[in-house]
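Colleague: data32.tsv is reproduced below (TSV, N, CA and C atoms).
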```
chain	number	residue	atom	x	y	z
A	1	MET	N	82.20	148.53	179.75
A	1	MET	CA	81.23	148.76	178.71
A	1	MET	C	79.94	148.00	178.99
A	2	ARG	N	80.08	146.77	179.51
A	2	ARG	CA	78.86	145.99	179.80
A	2	ARG	C	77.99	146.71	180.82
A	3	ARG	N	78.63	147.24	181.84
A	3	ARG	CA	77.86	147.96	182.86
A	3	ARG	C	77.19	149.19	182.27
A	4	PHE	N	77.91	149.90	181.43
A	4	PHE	CA	77.36	151.09	180.79
A	4	PHE	C	76.17	150.71	179.90
A	5	ASP	N	76.36	149.67	179.06
A	5	ASP	CA	75.27	149.23	178.18
A	5	ASP	C	74.06	148.76	178.99
A	6	ALA	N	74.31	148.06	180.09
A	6	ALA	CA	73.20	147.61	180.94
A	6	ALA	C	72.44	148.80	181.51
A	7	ARG	N	73.16	149.83	181.91
A	7	ARG	CA	72.51	151.03	182.44
A	7	ARG	C	71.70	151.73	181.35
A	8	VAL	N	72.25	151.81	180.15
A	8	VAL	CA	71.54	152.43	179.04
A	8	VAL	C	70.23	151.68	178.78
A	9	LEU	N	70.29	150.36	178.74
A	9	LEU	CA	69.07	149.57	178.51
A	9	LEU	C	68.07	149.73	179.66
A	10	GLU	N	68.57	149.82	180.88
A	10	GLU	CA	67.69	150.05	182.03
A	10	GLU	C	66.96	151.38	181.89
A	11	LEU	N	67.68	152.41	181.51
A	11	LEU	CA	67.07	153.73	181.32
A	11	LEU	C	66.05	153.71	180.17
A	12	MET	N	66.38	152.99	179.12
A	12	MET	CA	65.47	152.91	177.98
A	12	MET	C	64.19	152.16	178.36
A	13	ALA	N	64.33	151.13	179.18
A	13	ALA	CA	63.16	150.35	179.60
A	13	ALA	C	62.19	151.19	180.40
A	14	SER	N	62.70	152.19	181.11
A	14	SER	CA	61.83	153.03	181.94
A	14	SER	C	61.42	154.33	181.27
A	15	ASN	N	61.85	154.53	180.01
A	15	ASN	CA	61.52	155.76	179.29
A	15	ASN	C	60.08	155.68	178.78
A	16	PRO	N	59.22	156.60	179.18
A	16	PRO	CA	57.81	156.54	178.75
A	16	PRO	C	57.61	156.79	177.26
A	17	GLU	N	58.62	157.30	176.56
A	17	GLU	CA	58.51	157.55	175.13
A	17	GLU	C	58.79	156.30	174.30
A	18	VAL	N	59.40	155.30	174.91
A	18	VAL	CA	59.68	154.05	174.20
A	18	VAL	C	58.38	153.26	174.08
A	19	PRO	N	58.06	152.77	172.89
A	19	PRO	CA	56.86	151.95	172.76
A	19	PRO	C	56.84	150.81	173.78
A	20	LEU	N	55.69	150.56	174.36
A	20	LEU	CA	55.56	149.62	175.48
A	20	LEU	C	56.15	148.25	175.17
A	21	ALA	N	55.91	147.74	173.99
A	21	ALA	CA	56.43	146.41	173.64
A	21	ALA	C	57.96	146.40	173.71
A	22	LEU	N	58.59	147.45	173.21
A	22	LEU	CA	60.06	147.53	173.24
A	22	LEU	C	60.56	147.75	174.66
A	23	SER	N	59.84	148.55	175.42
A	23	SER	CA	60.20	148.78	176.82
A	23	SER	C	60.15	147.47	177.60
A	24	ASN	N	59.11	146.67	177.36
A	24	ASN	CA	58.99	145.38	178.04
A	24	ASN	C	60.12	144.44	177.66
A	25	LEU	N	60.49	144.43	176.39
A	25	LEU	CA	61.62	143.60	175.95
A	25	LEU	C	62.90	144.02	176.65
A	26	ALA	N	63.13	145.32	176.74
A	26	ALA	CA	64.34	145.83	177.40
A	26	ALA	C	64.33	145.50	178.89
A	27	SER	N	63.18	145.66	179.54
A	27	SER	CA	63.11	145.42	180.98
A	27	SER	C	63.26	143.94	181.32
A	28	ARG	N	62.91	143.06	180.38
A	28	ARG	CA	63.05	141.61	180.61
A	28	ARG	C	64.37	141.08	180.05
A	29	ALA	N	65.27	141.98	179.70
A	29	ALA	CA	66.61	141.63	179.18
A	29	ALA	C	66.52	140.82	177.89
A	30	GLN	N	65.46	141.01	177.11
A	30	GLN	CA	65.35	140.37	175.81
A	30	GLN	C	66.13	141.15	174.76
A	31	ILE	N	66.27	142.45	174.99
A	31	ILE	CA	67.10	143.29	174.14
A	31	ILE	C	68.40	143.50	174.89
A	32	GLY	N	69.48	143.20	174.23
A	32	GLY	CA	70.76	143.30	174.89
A	32	GLY	C	71.73	144.19	174.14
A	33	ALA	N	72.97	144.12	174.56
A	33	ALA	CA	74.01	144.97	173.97
A	33	ALA	C	74.15	144.72	172.47
A	34	ALA	N	73.94	143.51	172.02
A	34	ALA	CA	74.05	143.23	170.59
A	34	ALA	C	73.02	144.04	169.80
A	35	HIS	N	71.82	144.20	170.35
A	35	HIS	CA	70.78	144.97	169.66
A	35	HIS	C	71.13	146.45	169.63
A	36	VAL	N	71.92	146.87	170.59
A	36	VAL	CA	72.34	148.26	170.64
A	36	VAL	C	73.26	148.56	169.46
A	37	HIS	N	73.92	147.51	168.90
A	37	HIS	CA	74.77	147.74	167.72
A	37	HIS	C	73.97	148.37	166.59
A	38	ILE	N	72.75	147.92	166.40
A	38	ILE	CA	71.94	148.52	165.34
A	38	ILE	C	71.66	149.97	165.68
A	39	THR	N	71.32	150.24	166.93
A	39	THR	CA	71.03	151.60	167.35
A	39	THR	C	72.24	152.50	167.17
A	40	ARG	N	73.41	151.99	167.49
A	40	ARG	CA	74.64	152.78	167.39
A	40	ARG	C	75.11	152.98	165.96
A	41	HIS	N	74.86	152.02	165.09
A	41	HIS	CA	75.52	152.03	163.79
A	41	HIS	C	74.61	152.30	162.59
A	42	LEU	N	73.30	152.27	162.77
A	42	LEU	CA	72.40	152.52	161.65
A	42	LEU	C	72.13	154.01	161.53
A	43	SER	N	72.45	154.58	160.39
A	43	SER	CA	72.23	156.01	160.21
A	43	SER	C	70.75	156.27	159.93
A	44	LEU	N	70.37	157.52	160.06
A	44	LEU	CA	68.97	157.90	159.82
A	44	LEU	C	68.54	157.66	158.38
A	45	ARG	N	69.47	157.68	157.46
A	45	ARG	CA	69.11	157.44	156.05
A	45	ARG	C	69.17	155.95	155.70
A	46	GLY	N	69.52	155.11	156.68
A	46	GLY	CA	69.56	153.67	156.46
A	46	GLY	C	70.92	153.21	155.98
A	47	ALA	N	71.04	151.89	155.82
A	47	ALA	CA	72.30	151.30	155.37
A	47	ALA	C	72.03	149.91	154.82
A	48	ARG	N	72.90	149.48	153.95
A	48	ARG	CA	72.85	148.09	153.50
A	48	ARG	C	73.37	147.21	154.63
A	49	LEU	N	72.97	145.98	154.60
A	49	LEU	CA	73.37	145.03	155.63
A	49	LEU	C	74.89	144.93	155.73
A	50	THR	N	75.58	144.90	154.60
A	50	THR	CA	77.04	144.79	154.63
A	50	THR	C	77.68	146.02	155.28
A	51	GLU	N	77.13	147.19	155.01
A	51	GLU	CA	77.65	148.43	155.62
A	51	GLU	C	77.42	148.41	157.13
A	52	LEU	N	76.24	147.99	157.52
A	52	LEU	CA	75.89	147.94	158.94
A	52	LEU	C	76.77	146.95	159.68
A	53	ALA	N	76.98	145.79	159.09
A	53	ALA	CA	77.83	144.77	159.71
A	53	ALA	C	79.27	145.26	159.85
A	54	ALA	N	79.79	145.89	158.80
A	54	ALA	CA	81.16	146.40	158.85
A	54	ALA	C	81.31	147.48	159.91
A	55	SER	N	80.35	148.37	159.99
A	55	SER	CA	80.39	149.46	160.97
A	55	SER	C	80.36	148.93	162.40
A	56	ALA	N	79.61	147.85	162.62
A	56	ALA	CA	79.48	147.27	163.96
A	56	ALA	C	80.58	146.25	164.26
A	57	GLY	N	81.39	145.91	163.25
A	57	GLY	CA	82.44	144.93	163.47
A	57	GLY	C	81.89	143.52	163.63
A	58	MET	N	80.80	143.22	162.91
A	58	MET	CA	80.15	141.92	163.01
A	58	MET	C	80.16	141.26	161.62
A	59	SER	N	79.94	139.95	161.61
A	59	SER	CA	79.79	139.28	160.32
A	59	SER	C	78.45	139.66	159.71
A	60	LYS	N	78.37	139.53	158.41
A	60	LYS	CA	77.13	139.84	157.70
A	60	LYS	C	76.01	138.91	158.19
A	61	GLN	N	76.33	137.65	158.41
A	61	GLN	CA	75.33	136.69	158.87
A	61	GLN	C	74.81	137.04	160.26
A	62	ALA	N	75.72	137.39	161.19
A	62	ALA	CA	75.30	137.75	162.54
A	62	ALA	C	74.45	139.01	162.52
A	63	MET	N	74.85	139.99	161.71
A	63	MET	CA	74.07	141.22	161.62
A	63	MET	C	72.72	140.93	160.97
A	64	GLY	N	72.69	140.05	159.98
A	64	GLY	CA	71.43	139.68	159.35
A	64	GLY	C	70.45	139.07	160.34
A	65	ASP	N	70.95	138.21	161.21
A	65	ASP	CA	70.10	137.62	162.25
A	65	ASP	C	69.58	138.70	163.20
A	66	LEU	N	70.45	139.62	163.56
A	66	LEU	CA	70.07	140.71	164.45
A	66	LEU	C	69.02	141.62	163.80
A	67	VAL	N	69.21	141.93	162.54
A	67	VAL	CA	68.25	142.76	161.81
A	67	VAL	C	66.90	142.06	161.73
A	68	THR	N	66.91	140.76	161.45
A	68	THR	CA	65.66	140.00	161.37
A	68	THR	C	64.91	140.07	162.69
A	69	GLN	N	65.62	139.93	163.79
A	69	GLN	CA	64.99	140.02	165.11
A	69	GLN	C	64.45	141.42	165.36
A	70	CYS	N	65.24	142.43	165.07
A	70	CYS	CA	64.80	143.82	165.27
A	70	CYS	C	63.64	144.17	164.34
A	71	GLU	N	63.62	143.57	163.17
A	71	GLU	CA	62.51	143.77	162.24
A	71	GLU	C	61.23	143.18	162.83
A	72	ALA	N	61.32	142.01	163.43
A	72	ALA	CA	60.15	141.38	164.05
A	72	ALA	C	59.63	142.21	165.22
A	73	TRP	N	60.51	142.93	165.88
A	73	TRP	CA	60.11	143.78	167.01
A	73	TRP	C	59.62	145.15	166.56
A	74	GLY	N	59.75	145.44	165.28
A	74	GLY	CA	59.28	146.72	164.76
A	74	GLY	C	60.26	147.87	164.88
A	75	LEU	N	61.53	147.57	165.14
A	75	LEU	CA	62.54	148.63	165.23
A	75	LEU	C	63.01	149.10	163.86
A	76	VAL	N	63.17	148.15	162.94
A	76	VAL	CA	63.68	148.45	161.61
A	76	VAL	C	62.83	147.73	160.57
A	77	ARG	N	63.02	148.13	159.33
A	77	ARG	CA	62.41	147.42	158.21
A	77	ARG	C	63.41	147.41	157.06
A	78	ARG	N	63.22	146.48	156.16
A	78	ARG	CA	64.04	146.40	154.96
A	78	ARG	C	63.23	147.01	153.82
A	79	GLU	N	63.89	147.82	153.03
A	79	GLU	CA	63.21	148.42	151.88
A	79	GLU	C	64.17	148.44	150.70
A	80	ALA	N	63.60	148.63	149.52
A	80	ALA	CA	64.42	148.66	148.31
A	80	ALA	C	65.43	149.81	148.39
A	81	ASP	N	66.62	149.54	147.91
A	81	ASP	CA	67.66	150.57	147.84
A	81	ASP	C	67.43	151.38	146.57
A	82	PRO	N	67.24	152.69	146.70
A	82	PRO	CA	66.97	153.50	145.51
A	82	PRO	C	68.14	153.55	144.53
A	83	LEU	N	69.34	153.21	144.98
A	83	LEU	CA	70.51	153.25	144.11
A	83	LEU	C	70.80	151.91	143.42
A	84	ASP	N	70.19	150.84	143.93
A	84	ASP	CA	70.44	149.50	143.38
A	84	ASP	C	69.20	148.65	143.62
A	85	ALA	N	68.46	148.36	142.58
A	85	ALA	CA	67.20	147.63	142.70
A	85	ALA	C	67.39	146.23	143.28
A	86	ARG	N	68.58	145.68	143.17
A	86	ARG	CA	68.84	144.34	143.71
A	86	ARG	C	69.11	144.36	145.21
A	87	ALA	N	69.48	145.50	145.73
A	87	ALA	CA	69.88	145.61	147.13
A	87	ALA	C	68.73	146.06	148.02
A	88	ARG	N	68.87	145.80	149.30
A	88	ARG	CA	67.90	146.22	150.31
A	88	ARG	C	68.62	147.11	151.32
A	89	ARG	N	67.90	148.08	151.85
A	89	ARG	CA	68.43	148.96	152.90
A	89	ARG	C	67.69	148.67	154.19
A	90	ILE	N	68.39	148.79	155.27
A	90	ILE	CA	67.79	148.67	156.60
A	90	ILE	C	67.52	150.09	157.06
A	91	VAL	N	66.30	150.38	157.47
A	91	VAL	CA	65.93	151.72	157.94
A	91	VAL	C	65.13	151.59	159.23
A	92	PHE	N	65.19	152.63	160.04
A	92	PHE	CA	64.39	152.66	161.26
A	92	PHE	C	62.91	152.84	160.91
A	93	THR	N	62.04	152.21	161.69
A	93	THR	CA	60.60	152.45	161.62
A	93	THR	C	60.30	153.65	162.51
A	94	ALA	N	59.04	154.06	162.57
A	94	ALA	CA	58.66	155.15	163.48
A	94	ALA	C	58.97	154.77	164.92
A	95	ASP	N	58.65	153.52	165.31
A	95	ASP	CA	58.99	153.07	166.66
A	95	ASP	C	60.50	152.99	166.85
A	96	GLY	N	61.20	152.62	165.79
A	96	GLY	CA	62.66	152.58	165.87
A	96	GLY	C	63.27	153.95	166.10
A	97	LEU	N	62.65	154.98	165.51
A	97	LEU	CA	63.13	156.35	165.74
A	97	LEU	C	62.87	156.79	167.18
A	98	LEU	N	61.75	156.35	167.75
A	98	LEU	CA	61.49	156.63	169.18
A	98	LEU	C	62.54	155.92	170.03
A	99	TRP	N	62.85	154.69	169.66
A	99	TRP	CA	63.88	153.91	170.35
A	99	TRP	C	65.23	154.63	170.25
A	100	LEU	N	65.55	155.13	169.07
A	100	LEU	CA	66.82	155.83	168.86
A	100	LEU	C	66.92	157.07	169.74
A	101	GLU	N	65.86	157.83	169.84
A	101	GLU	CA	65.87	159.03	170.68
A	101	GLU	C	66.02	158.64	172.16
A	102	ALA	N	65.32	157.60	172.57
A	102	ALA	CA	65.46	157.11	173.94
A	102	ALA	C	66.88	156.65	174.20
A	103	PHE	N	67.50	156.04	173.20
A	103	PHE	CA	68.89	155.61	173.31
A	103	PHE	C	69.81	156.80	173.52
A	104	ARG	N	69.62	157.84	172.74
A	104	ARG	CA	70.46	159.05	172.88
A	104	ARG	C	70.30	159.65	174.28
A	105	GLN	N	69.07	159.73	174.75
A	105	GLN	CA	68.83	160.27	176.09
A	105	GLN	C	69.47	159.38	177.16
A	106	ALA	N	69.35	158.08	177.01
A	106	ALA	CA	69.90	157.15	178.00
A	106	ALA	C	71.43	157.23	178.03
A	107	VAL	N	72.05	157.33	176.87
A	107	VAL	CA	73.51	157.45	176.82
A	107	VAL	C	73.95	158.74	177.51
A	108	ALA	N	73.26	159.83	177.25
A	108	ALA	CA	73.61	161.11	177.89
A	108	ALA	C	73.47	161.01	179.40
A	109	THR	N	72.41	160.37	179.87
A	109	THR	CA	72.20	160.20	181.32
A	109	THR	C	73.28	159.31	181.92
A	110	ALA	N	73.58	158.19	181.26
A	110	ALA	CA	74.60	157.27	181.78
A	110	ALA	C	75.97	157.94	181.79
A	111	GLU	N	76.28	158.74	180.78
A	111	GLU	CA	77.55	159.46	180.77
A	111	GLU	C	77.61	160.47	181.91
A	112	ALA	N	76.51	161.17	182.15
A	112	ALA	CA	76.47	162.15	183.25
A	112	ALA	C	76.64	161.44	184.60
A	113	GLU	N	76.00	160.28	184.75
A	113	GLU	CA	76.16	159.51	185.99
A	113	GLU	C	77.60	159.06	186.17
A	114	PHE	N	78.22	158.62	185.09
A	114	PHE	CA	79.62	158.19	185.15
A	114	PHE	C	80.51	159.35	185.59
A	115	HIS	N	80.31	160.51	184.96
A	115	HIS	CA	81.09	161.69	185.33
A	115	HIS	C	80.89	162.05	186.80
A	116	ALA	N	79.66	162.00	187.27
A	116	ALA	CA	79.36	162.34	188.67
A	116	ALA	C	80.00	161.34	189.63
A	117	GLN	N	80.03	160.07	189.24
A	117	GLN	CA	80.56	159.04	190.12
A	117	GLN	C	82.08	159.05	190.22
A	118	VAL	N	82.76	159.24	189.08
A	118	VAL	CA	84.22	159.15	189.10
A	118	VAL	C	84.91	160.51	189.07
A	119	GLY	N	84.16	161.56	188.80
A	119	GLY	CA	84.74	162.89	188.72
A	119	GLY	C	85.16	163.25	187.31
A	120	HIS	N	85.22	164.55	187.07
A	120	HIS	CA	85.50	165.05	185.72
A	120	HIS	C	86.88	164.61	185.22
A	121	ASP	N	87.90	164.71	186.07
A	121	ASP	CA	89.26	164.38	185.62
A	121	ASP	C	89.38	162.92	185.21
A	122	VAL	N	88.87	162.02	186.04
A	122	VAL	CA	88.95	160.59	185.73
A	122	VAL	C	88.12	160.28	184.47
A	123	ALA	N	86.93	160.87	184.39
A	123	ALA	CA	86.08	160.63	183.21
A	123	ALA	C	86.77	161.11	181.94
A	124	THR	N	87.46	162.22	182.01
A	124	THR	CA	88.19	162.74	180.84
A	124	THR	C	89.31	161.79	180.44
A	125	VAL	N	90.05	161.30	181.41
A	125	VAL	CA	91.15	160.36	181.12
A	125	VAL	C	90.59	159.07	180.52
A	126	VAL	N	89.51	158.56	181.06
A	126	VAL	CA	88.89	157.34	180.52
A	126	VAL	C	88.43	157.58	179.08
A	127	THR	N	87.78	158.70	178.85
A	127	THR	CA	87.29	159.02	177.50
A	127	THR	C	88.45	159.12	176.52
A	128	LEU	N	89.49	159.83	176.89
A	128	LEU	CA	90.66	159.95	176.02
A	128	LEU	C	91.31	158.60	175.76
A	129	GLY	N	91.39	157.79	176.82
A	129	GLY	CA	91.97	156.45	176.68
A	129	GLY	C	91.15	155.58	175.74
A	130	LEU	N	89.83	155.62	175.86
A	130	LEU	CA	88.98	154.84	174.98
A	130	LEU	C	89.06	155.32	173.53
A	131	GLU	N	89.14	156.62	173.35
A	131	GLU	CA	89.28	157.16	171.99
A	131	GLU	C	90.58	156.71	171.37
A	132	ALA	N	91.67	156.72	172.14
A	132	ALA	CA	92.96	156.26	171.63
A	132	ALA	C	92.93	154.76	171.33
A	133	TYR	N	92.28	154.02	172.20
A	133	TYR	CA	92.18	152.56	172.03
A	133	TYR	C	91.41	152.20	170.78
A	134	VAL	N	90.32	152.91	170.51
A	134	VAL	CA	89.48	152.64	169.35
A	134	VAL	C	90.22	152.93	168.05
A	135	GLN	N	91.08	153.92	168.06
A	135	GLN	CA	91.76	154.34	166.84
A	135	GLN	C	92.92	153.44	166.48
A	136	ASN	N	93.31	152.54	167.33
A	136	ASN	CA	94.43	151.62	167.03
A	136	ASN	C	93.95	150.34	166.42
```
Would you write out, as structure tokens, the structure that this file holds?

Modeller:
Amino acid sequence: MRRFDARVLELMASNPEVPLALSNLASRAQIGAAHVHITRHLSLRGARLTELAASAGMSKQAMGDLVTQCEAWGLVRREADPLDARARRIVFTADGLLWLEAFRQAVATAEAEFHAQVGHDVATVVTLGLEAYVQN
């Protein structure tokens, strides 16, 4: 997984659609796999911090620190939750949505590279094994 995540970040760093500041952070390894948790787990309609932390399998405090950092980089912002005035939702910014699209493209490319390197049969077995592992 680390190798896959590193490849995804490498592809994102070289994507011309990623805002330059974020691309520079990725290329200098300032954005890492932990930051990808937000990309993987934050829905387009946003989420409360507790929901995001639970989805990523992280503590609320660790996710809060990660969100604060991503907020400073312009990936996400906190806004009032329309269902609960006391709560805040984490949502992608415009740059965050560009980042998200670059992430999707990078994952697709890394998956294609993996399939090409190990072959379709092995890739299928690995995928099935990971799906079974995650469900336990």

Colleague: Determine which residues of chain A receive a DSSP assignment of strand (DSSP E), computed from the backbone, and state them as a list in words.

Modeller: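 Of chain A, the ones in strand (DSSP E) are Ala47, Arg48, Val76, Arg77, Arg78, Glu79, Ala80, Asp81, Asp84, Ala85, Arg86, Ala87, Arg88, Arg89, Ile90, Val91 and Phe92 of chain A.
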
Colleague: Leaving out A:Ala110 and any residue of its chain fewer than 4 positions from it, which residues lie within 8 Å of it when counting all atoms listed in the file, given as a list of chain:residue names?

Modeller: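 Answer for this query is A:Phe4, A:Arg7, A:Val8, A:Leu11, A:Arg104, A:Gln105, A:Ala106, A:Phe114, A:His115, A:Ala116.
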
Colleague: Mind checking which residues fall within 7 Å of A:Glu17, counting only N, CA and C atoms, ignoring those fewer than 5 positions away in the same chain, and posting them as a list in words?

Modeller: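 The residues satisfying every condition are Leu98, Trp99 and Ala102 of chain A.
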
Colleague: Might you pull out every residue within 8 Å of A:Arg89, with all atoms listed in the file counted and same-chain residues fewer than 2 positions away left off, and present them as a list in words?

Modeller: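 That gives Arg45, Gly46, Ala47, Arg48, Leu49, Arg77, Arg78, Glu79, Ala80, Asp81, Pro82, Arg86, Ala87, Val91 and Phe92 of chain A.
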
Colleague: Using DSSP assignments from the backbone, pull out every residue in stretch 7-134 of chain A that falls under helix (DSSP H, G or I) and give it to me as an NGL selection string.

Modeller: :A and (7-13 or 20-27 or 33-41 or 49-56 or 60-72 or 94-118 or 120-134)

Colleague: State, in Å with one decimal place, the distance from atom CA of A:Leu25 to atom CA of A:Ala13.

Modeller: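 Calculated distance between atom CA of A:Leu25 and atom CA of A:Ala13 is 7.8 Å.
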
Colleague: I need the residue nearest A:Leu9 from this list: A:Val134, A:Gly74, A:Ala94, A:Phe103. Use all atoms listed in the file for the distance.

Modeller: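 Counting all atoms listed in the file, the residue closest to A:Leu9 is A:Phe103.
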
Colleague: Would you list the residues near (67.3, 142.4, 161.9) (no more than 12 Å away, in the coordinates of the file, using only C-alpha atoms) as a count of residues only?

Modeller: 35

Colleague: What does the distance between atom N of A:Met12 and atom N of A:Glu113 come to in Å, to one decimal place?

Modeller: 13.3 Å

Colleague: What is the atom CA of A:Thr124-atom C of A:Thr109 distance in Å, reported with one decimal?

Modeller: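 Calculated distance between atom CA of A:Thr124 and atom C of A:Thr109 is 15.3 Å.
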
Colleague: Within 5 Å of (65.5, 146.5, 182.2), all atoms listed in the file: residues as a list in words?

Modeller: Leu9, Glu10, Ala26, Ser27 and Arg28 of chain A

Colleague: Find the residue from A:Thr50, A:Ser43, A:Asp95, A:Leu83 that sits nearest to A:Val18; use all atoms listed in the file when measuring.

Modeller: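 The shortest atom-to-atom distance to A:Val18 comes from A:Asp95.
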
Colleague: Would you please take stretch 109-128 of chain A of the structure in the block above and write N, CA, C and O atoms to a file as a compact mmCIF listing (two decimals), in the first residue's frame?

Modeller:
```txt
# COMPACT_ATOMS: atom_id res chain seq x y z
N THR A 109 -4.40 5.38 -12.88
CA THR A 109 -3.11 5.13 -13.54
C THR A 109 -2.28 4.13 -12.76
O THR A 109 -1.73 3.19 -13.34
N ALA A 110 -2.21 4.29 -11.44
CA ALA A 110 -1.43 3.37 -10.61
C ALA A 110 -2.01 1.96 -10.66
O ALA A 110 -1.26 0.98 -10.71
N GLU A 111 -3.33 1.85 -10.67
CA GLU A 111 -3.96 0.53 -10.79
C GLU A 111 -3.64 -0.10 -12.14
O GLU A 111 -3.34 -1.30 -12.22
N ALA A 112 -3.67 0.68 -13.20
CA ALA A 112 -3.35 0.16 -14.54
C ALA A 112 -1.89 -0.29 -14.59
O ALA A 112 -1.58 -1.34 -15.18
N GLU A 113 -1.00 0.49 -13.98
CA GLU A 113 0.41 0.10 -13.94
C GLU A 113 0.60 -1.20 -13.16
O GLU A 113 1.38 -2.08 -13.57
N PHE A 114 -0.11 -1.33 -12.05
CA PHE A 114 -0.03 -2.55 -11.26
C PHE A 114 -0.50 -3.76 -12.07
O PHE A 114 0.18 -4.78 -12.11
N HIS A 115 -1.63 -3.61 -12.74
CA HIS A 115 -2.14 -4.69 -13.59
C HIS A 115 -1.14 -5.06 -14.68
O HIS A 115 -0.91 -6.24 -14.94
N ALA A 116 -0.54 -4.06 -15.31
CA ALA A 116 0.43 -4.31 -16.38
C ALA A 116 1.68 -5.01 -15.85
O ALA A 116 2.25 -5.87 -16.52
N GLN A 117 2.09 -4.66 -14.64
CA GLN A 117 3.31 -5.22 -14.08
C GLN A 117 3.15 -6.66 -13.60
O GLN A 117 4.01 -7.49 -13.83
N VAL A 118 2.02 -6.95 -12.94
CA VAL A 118 1.86 -8.29 -12.36
C VAL A 118 0.94 -9.19 -13.18
O VAL A 118 0.86 -10.38 -12.91
N GLY A 119 0.24 -8.63 -14.14
CA GLY A 119 -0.68 -9.41 -14.95
C GLY A 119 -2.09 -9.40 -14.37
O GLY A 119 -2.30 -9.19 -13.17
N HIS A 120 -3.04 -9.65 -15.26
CA HIS A 120 -4.46 -9.57 -14.88
C HIS A 120 -4.82 -10.58 -13.80
O HIS A 120 -5.52 -10.25 -12.83
N ASP A 121 -4.35 -11.83 -13.93
CA ASP A 121 -4.73 -12.87 -12.98
C ASP A 121 -4.24 -12.55 -11.57
O ASP A 121 -4.99 -12.66 -10.60
N VAL A 122 -2.98 -12.16 -11.46
CA VAL A 122 -2.41 -11.84 -10.14
C VAL A 122 -3.11 -10.60 -9.57
O VAL A 122 -3.46 -10.57 -8.38
N ALA A 123 -3.33 -9.59 -10.40
CA ALA A 123 -4.01 -8.38 -9.93
C ALA A 123 -5.41 -8.70 -9.42
O ALA A 123 -5.84 -8.15 -8.40
N THR A 124 -6.10 -9.59 -10.09
CA THR A 124 -7.45 -9.98 -9.66
C THR A 124 -7.40 -10.69 -8.32
O THR A 124 -8.20 -10.39 -7.42
N VAL A 125 -6.45 -11.59 -8.15
CA VAL A 125 -6.31 -12.32 -6.88
C VAL A 125 -5.97 -11.33 -5.75
O VAL A 125 -6.54 -11.41 -4.66
N VAL A 126 -5.07 -10.41 -6.00
CA VAL A 126 -4.70 -9.42 -4.99
C VAL A 126 -5.92 -8.57 -4.62
O VAL A 126 -6.19 -8.34 -3.44
N THR A 127 -6.65 -8.13 -5.61
CA THR A 127 -7.84 -7.30 -5.37
C THR A 127 -8.86 -8.07 -4.54
O THR A 127 -9.40 -7.54 -3.56
N LEU A 128 -9.14 -9.29 -4.93
CA LEU A 128 -10.09 -10.12 -4.17
C LEU A 128 -9.62 -10.35 -2.75
O LEU A 128 -10.39 -10.30 -1.80
```
